[in-house]
Amino acid sequence: TYFVETKTILIKISKFKILDESQKKALFWLWNNEYPAKLCYNEITQFENYLSQLQNTNHYLIYDDFKNISAWAFTFDRENSRWFAIILDKKTQNKGIGTQLLQHLKAEEKKLYGWVIDHENDFKVDGTKYKSPLIFYTINGFEILPKQRLEFDMISAVKIKWEKQE
């Protein structure tokens, strides 16, 4: 457990190697509510299957005052590299919490890769437009690798990279 101070609040980041059932259910809900509808899972078992395929995973959770998960980051190994993803509940966004969570990941890793949706053509399950977080990542020191893309019916994304400066 780590405490990080943002501009206005002190947040607690809890780190887990293994998630319990209630955490998985909360993260399933968070994923399905904040990512584009095309990336949502119909069943929690599909989501759990995705999680079980990740290698050397660390989960970083932030809980709100009501003990609900309001932010989740996870790091994992893929293609001999360290990858990450972050999801924040819409009520948690634009408060500096995502930046603090990213700073925490960067303190633990030397290099991070991720896929980021770099357009605003998708919609969330509630019908609102999905806002690309690409600017957020560039502000936080990530490099866009424009020639490395995912292009599928479900997702169109660009690869990003951050590397610790020695």
# chains A, B, ... in the order shown; residues from 1 in each chain; ligands from 1
>>> residues_around(residues="Pro146 in chain A", least_positions_apart="3", cutoff="10 Å", atoms="only C-alpha atoms", output="PyMOL selection string")
chain A and resi 143+149+157-160
>>> closest_residue(among="A:Ile97, A:Leu39, A:Lys161, A:Ile155", to="His119 in chain A", atoms="only C-alpha atoms")
A:Ile155
>>> atom_distance(atom1="CA of Leu134 in chain A", atom2="CA of Val116 in chain A")
6.3 Å
>>> closest_residue(among="A:Tyr113, A:Leu101, A:Gln165, A:Gln93", to="Leu145 in chain A", atoms="only C-alpha atoms")
A:Tyr113
>>> closest_residue(among="A:Gly114, A:Ile44, A:Phe28, A:Ala71", to="Gln148 in chain A", atoms="only C-alpha atoms")
A:Gly114
>>> decode(residues="range 43-131 of chain A", atoms="C-alpha atoms", output="PDB file, in the first residue's frame")
ATOM      1  CA  GLU A  43     -19.681 -12.225 -19.224  1.00  0.00           C
ATOM      2  CA  ILE A  44     -17.386 -11.910 -16.237  1.00  0.00           C
ATOM      3  CA  THR A  45     -15.894 -15.293 -17.151  1.00  0.00           C
ATOM      4  CA  GLN A  46     -14.607 -13.776 -20.434  1.00  0.00           C
ATOM      5  CA  PHE A  47     -13.026 -10.932 -18.471  1.00  0.00           C
ATOM      6  CA  GLU A  48     -11.486 -13.356 -15.977  1.00  0.00           C
ATOM      7  CA  ASN A  49     -10.102 -15.377 -18.899  1.00  0.00           C
ATOM      8  CA  TYR A  50      -8.439 -12.213 -20.264  1.00  0.00           C
ATOM      9  CA  LEU A  51      -6.888 -11.488 -16.861  1.00  0.00           C
ATOM     10  CA  SER A  52      -5.688 -15.076 -16.435  1.00  0.00           C
ATOM     11  CA  GLN A  53      -3.733 -14.884 -19.704  1.00  0.00           C
ATOM     12  CA  LEU A  54      -1.637 -11.933 -18.513  1.00  0.00           C
ATOM     13  CA  GLN A  55       1.869 -12.817 -17.336  1.00  0.00           C
ATOM     14  CA  ASN A  56       3.609 -11.456 -14.207  1.00  0.00           C
ATOM     15  CA  THR A  57       0.747  -9.101 -13.448  1.00  0.00           C
ATOM     16  CA  ASN A  58       0.608  -6.395 -10.793  1.00  0.00           C
ATOM     17  CA  HIS A  59      -2.699  -4.654 -10.083  1.00  0.00           C
ATOM     18  CA  TYR A  60      -2.833  -1.171  -8.544  1.00  0.00           C
ATOM     19  CA  LEU A  61      -6.209  -0.172  -7.129  1.00  0.00           C
ATOM     20  CA  ILE A  62      -7.531   3.090  -5.774  1.00  0.00           C
ATOM     21  CA  TYR A  63     -10.701   2.999  -3.702  1.00  0.00           C
ATOM     22  CA  ASP A  64     -13.108   5.890  -3.189  1.00  0.00           C
ATOM     23  CA  ASP A  65     -14.540   6.928   0.183  1.00  0.00           C
ATOM     24  CA  PHE A  66     -17.263   4.279  -0.175  1.00  0.00           C
ATOM     25  CA  LYS A  67     -14.698   1.479  -0.698  1.00  0.00           C
ATOM     26  CA  ASN A  68     -15.514   1.191  -4.414  1.00  0.00           C
ATOM     27  CA  ILE A  69     -12.652   0.854  -6.898  1.00  0.00           C
ATOM     28  CA  SER A  70     -12.360   4.201  -8.668  1.00  0.00           C
ATOM     29  CA  ALA A  71      -9.085   3.614 -10.544  1.00  0.00           C
ATOM     30  CA  TRP A  72      -7.152   0.579 -11.714  1.00  0.00           C
ATOM     31  CA  ALA A  73      -3.772   0.190 -13.320  1.00  0.00           C
ATOM     32  CA  PHE A  74      -2.067  -3.044 -14.166  1.00  0.00           C
ATOM     33  CA  THR A  75       1.333  -4.002 -15.489  1.00  0.00           C
ATOM     34  CA  PHE A  76       2.189  -7.284 -17.183  1.00  0.00           C
ATOM     35  CA  ASP A  77       4.753  -8.978 -19.418  1.00  0.00           C
ATOM     36  CA  ARG A  78       4.137  -9.380 -23.153  1.00  0.00           C
ATOM     37  CA  GLU A  79       6.603  -9.855 -26.017  1.00  0.00           C
ATOM     38  CA  ASN A  80       9.591  -9.638 -23.617  1.00  0.00           C
ATOM     39  CA  SER A  81       8.469  -6.144 -22.560  1.00  0.00           C
ATOM     40  CA  ARG A  82       6.572  -4.558 -19.668  1.00  0.00           C
ATOM     41  CA  TRP A  83       3.089  -3.361 -20.620  1.00  0.00           C
ATOM     42  CA  PHE A  84       0.440  -1.416 -18.729  1.00  0.00           C
ATOM     43  CA  ALA A  85      -3.141  -0.208 -18.829  1.00  0.00           C
ATOM     44  CA  ILE A  86      -5.038   2.289 -16.686  1.00  0.00           C
ATOM     45  CA  ILE A  87      -8.772   2.799 -16.265  1.00  0.00           C
ATOM     46  CA  LEU A  88     -10.317   5.560 -14.163  1.00  0.00           C
ATOM     47  CA  ASP A  89     -13.964   5.901 -13.282  1.00  0.00           C
ATOM     48  CA  LYS A  90     -15.363   9.043 -14.935  1.00  0.00           C
ATOM     49  CA  LYS A  91     -15.890  10.632 -11.482  1.00  0.00           C
ATOM     50  CA  THR A  92     -12.151  10.207 -10.801  1.00  0.00           C
ATOM     51  CA  GLN A  93     -10.883  11.681 -14.062  1.00  0.00           C
ATOM     52  CA  ASN A  94      -9.322  15.154 -14.369  1.00  0.00           C
ATOM     53  CA  LYS A  95      -8.292  15.311 -10.708  1.00  0.00           C
ATOM     54  CA  GLY A  96      -4.603  14.350 -11.018  1.00  0.00           C
ATOM     55  CA  ILE A  97      -5.215  10.798  -9.842  1.00  0.00           C
ATOM     56  CA  GLY A  98      -4.343   9.206 -13.193  1.00  0.00           C
ATOM     57  CA  THR A  99      -1.078  11.131 -13.304  1.00  0.00           C
ATOM     58  CA  GLN A 100      -0.197  10.027  -9.777  1.00  0.00           C
ATOM     59  CA  LEU A 101      -1.026   6.432 -10.643  1.00  0.00           C
ATOM     60  CA  LEU A 102       1.195   6.660 -13.739  1.00  0.00           C
ATOM     61  CA  GLN A 103       4.010   8.189 -11.675  1.00  0.00           C
ATOM     62  CA  HIS A 104       3.744   5.238  -9.326  1.00  0.00           C
ATOM     63  CA  LEU A 105       4.036   2.741 -12.208  1.00  0.00           C
ATOM     64  CA  LYS A 106       7.029   4.643 -13.593  1.00  0.00           C
ATOM     65  CA  ALA A 107       8.753   4.495 -10.205  1.00  0.00           C
ATOM     66  CA  GLU A 108       8.496   0.693 -10.307  1.00  0.00           C
ATOM     67  CA  GLU A 109       9.447   0.117 -13.958  1.00  0.00           C
ATOM     68  CA  LYS A 110      12.273   1.095 -16.321  1.00  0.00           C
ATOM     69  CA  LYS A 111      10.186   0.960 -19.503  1.00  0.00           C
ATOM     70  CA  LEU A 112       6.460   0.676 -20.232  1.00  0.00           C
ATOM     71  CA  TYR A 113       4.441   0.028 -23.381  1.00  0.00           C
ATOM     72  CA  GLY A 114       0.742   0.406 -24.011  1.00  0.00           C
ATOM     73  CA  TRP A 115      -1.917   0.606 -26.704  1.00  0.00           C
ATOM     74  CA  VAL A 116      -3.978   3.794 -26.804  1.00  0.00           C
ATOM     75  CA  ILE A 117      -7.085   4.510 -28.831  1.00  0.00           C
ATOM     76  CA  ASP A 118      -6.069   7.659 -30.703  1.00  0.00           C
ATOM     77  CA  HIS A 119      -9.421   8.784 -32.109  1.00  0.00           C
ATOM     78  CA  GLU A 120     -12.829   9.700 -30.749  1.00  0.00           C
ATOM     79  CA  ASN A 121     -15.066   7.643 -33.041  1.00  0.00           C
ATOM     80  CA  ASP A 122     -16.159   5.084 -30.441  1.00  0.00           C
ATOM     81  CA  PHE A 123     -18.931   5.179 -27.880  1.00  0.00           C
ATOM     82  CA  LYS A 124     -19.178   3.765 -24.367  1.00  0.00           C
ATOM     83  CA  VAL A 125     -22.040   1.492 -23.303  1.00  0.00           C
ATOM     84  CA  ASP A 126     -23.924   4.500 -21.866  1.00  0.00           C
ATOM     85  CA  GLY A 127     -23.884   6.150 -25.320  1.00  0.00           C
ATOM     86  CA  THR A 128     -21.329   8.850 -24.501  1.00  0.00           C
ATOM     87  CA  LYS A 129     -18.315   9.362 -26.742  1.00  0.00           C
ATOM     88  CA  TYR A 130     -15.096   7.663 -25.689  1.00  0.00           C
ATOM     89  CA  LYS A 131     -12.453  10.363 -25.220  1.00  0.00           C
TER      90      LYS A 131
END
